[in-house]
Every structure is written in C-alpha cells, then in structure tokens.
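Okay, so here's the structure we're looking at.
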Amino acid sequence: MRTYIGTQQIAGAAEFEELALGFDELPAGIDRDLFRGPLTPETPQERAARLDVAREVIAELAAQGEGGDEVAAWDALYADALTRTVPFLRAARAAGRSVQAGEVAA
C-alpha cells in the first residue's frame with residue numbers, strides 16, 4: 001500500500017511527519033521526546049526524571065532568552081508547548097487502536 005499527502009508519495013515515517021505537519025526540520029538542539037515523552041510507554045520514575053530534566057532545560061533556555069538570545073527564547077516556548085502534547089501514535093495506542101505511520105485513524 002502506498003501513502004500520499006497531496007500528490008507526494010511518502011517514502012518513510014520522517015517524510016510523512018514532515019509533510020503532514022508542515023515543517024522542514026526540527027529546531028536545532030530540541031529533542032521532542034524529552035519534552036513530549038517517548039512513543040513507547042515509560043515508567044512513572046522515567047517520566048518523573050524526564051520531566052525534571054525538561055523543566056531544567058526550559059528554565060535554562062528561558063534565562064538565555066531573557067539575556068537577549070532570541071533563538072533560545074523561541075526554543076523555550078516551543079519546548080514548553082511540547083510538554084503539553086501527546087504524540088498521535090501514543091494516544092491512538094492508548095485508545096486501543098492500531099495505527100501505523102502514514103495511516104489515517106478512523
């Protein structure tokens with residue numbers, strides 16, 4: 001089965017994400033999994049440790065932003081927003097649906 005977005009055939013999961021979400025590349029230095037969580041389940045201890053580190057990174061970026069680094073300020077806002085998101089695939093799995101990259105959940 002082939003997957004298309006518009007007239008573009010999708011070659012892989014990264015290309016699907018890029019075309020579906022409308023971004024060319026991730027901001028340099030931002031690890032989305034640190035802020036939003038991994039696609040796989042994590043233990044409560046792993047989650048607590050990840051969130052502690054994420055809060056520290058956001059605080060450092062915000063401090064750099066207040067010091068005049070505009071890129072760090074935008075990165076802090078982006079990272080903070082990611083902490084309030086749930087990856088689509090993880091949410092679908094939690095709802096008991098099997099969704100592969102490139103499929104549309106019903």
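Ligands are numbered from 1 in the order shown, residues from 1 within each chain, and chains are lettered A, B, ... in the order they appear in the structure tokens.
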Legend entry - Who sits within 10 Å of Ala59 (chain A), only C-alpha atoms, same chain under 6 positions skipped, as a PyMOL selection string: chain A and resi 53+65+76+80
Output N, CA and C atoms for every residue in the selection just made, as a compact mmCIF listing (two decimals), in the first residue's frame.
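part_16.txt was written with the following content:
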```
# COMPACT_ATOMS: atom_id res chain seq x y z
N VAL A 53 14.32 16.93 33.97
CA VAL A 53 15.34 17.42 33.03
C VAL A 53 14.72 18.42 32.07
N GLY A 65 17.09 33.40 26.93
CA GLY A 65 16.21 34.30 26.18
C GLY A 65 16.09 35.65 26.85
N ALA A 76 12.59 27.88 24.03
CA ALA A 76 11.94 27.67 25.33
C ALA A 76 10.43 27.60 25.16
N ASP A 80 8.32 24.22 25.86
CA ASP A 80 7.24 24.27 26.85
C ASP A 80 5.92 23.81 26.25
```
Inset, instruction - Measure the distance from CA of Ala72 (chain A) to CA of Leu34 (chain A) in Å and round it to one decimal. - result: 16.4 Å
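Every protein, DNA or RNA residue with an atom at most 9 Å from Asp33 (chain A), where only C-alpha atoms count and chain neighbours fewer than 5 positions away do not, is listed here: Pro38, Leu39 and Leu82 of chain A.
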Legend entry - Between CA of Arg55 (chain A) and CA of Gly67 (chain A), distance in Å (one decimal): 18.3 Å
Legend entry - Counting only C-alpha atoms, the option among A:Thr3, A:Ala79, A:Gly37, A:Gly68 closest to Glu56 (chain A):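 That would be A:Ala79, the residue with the smallest distance to Glu56 (chain A).
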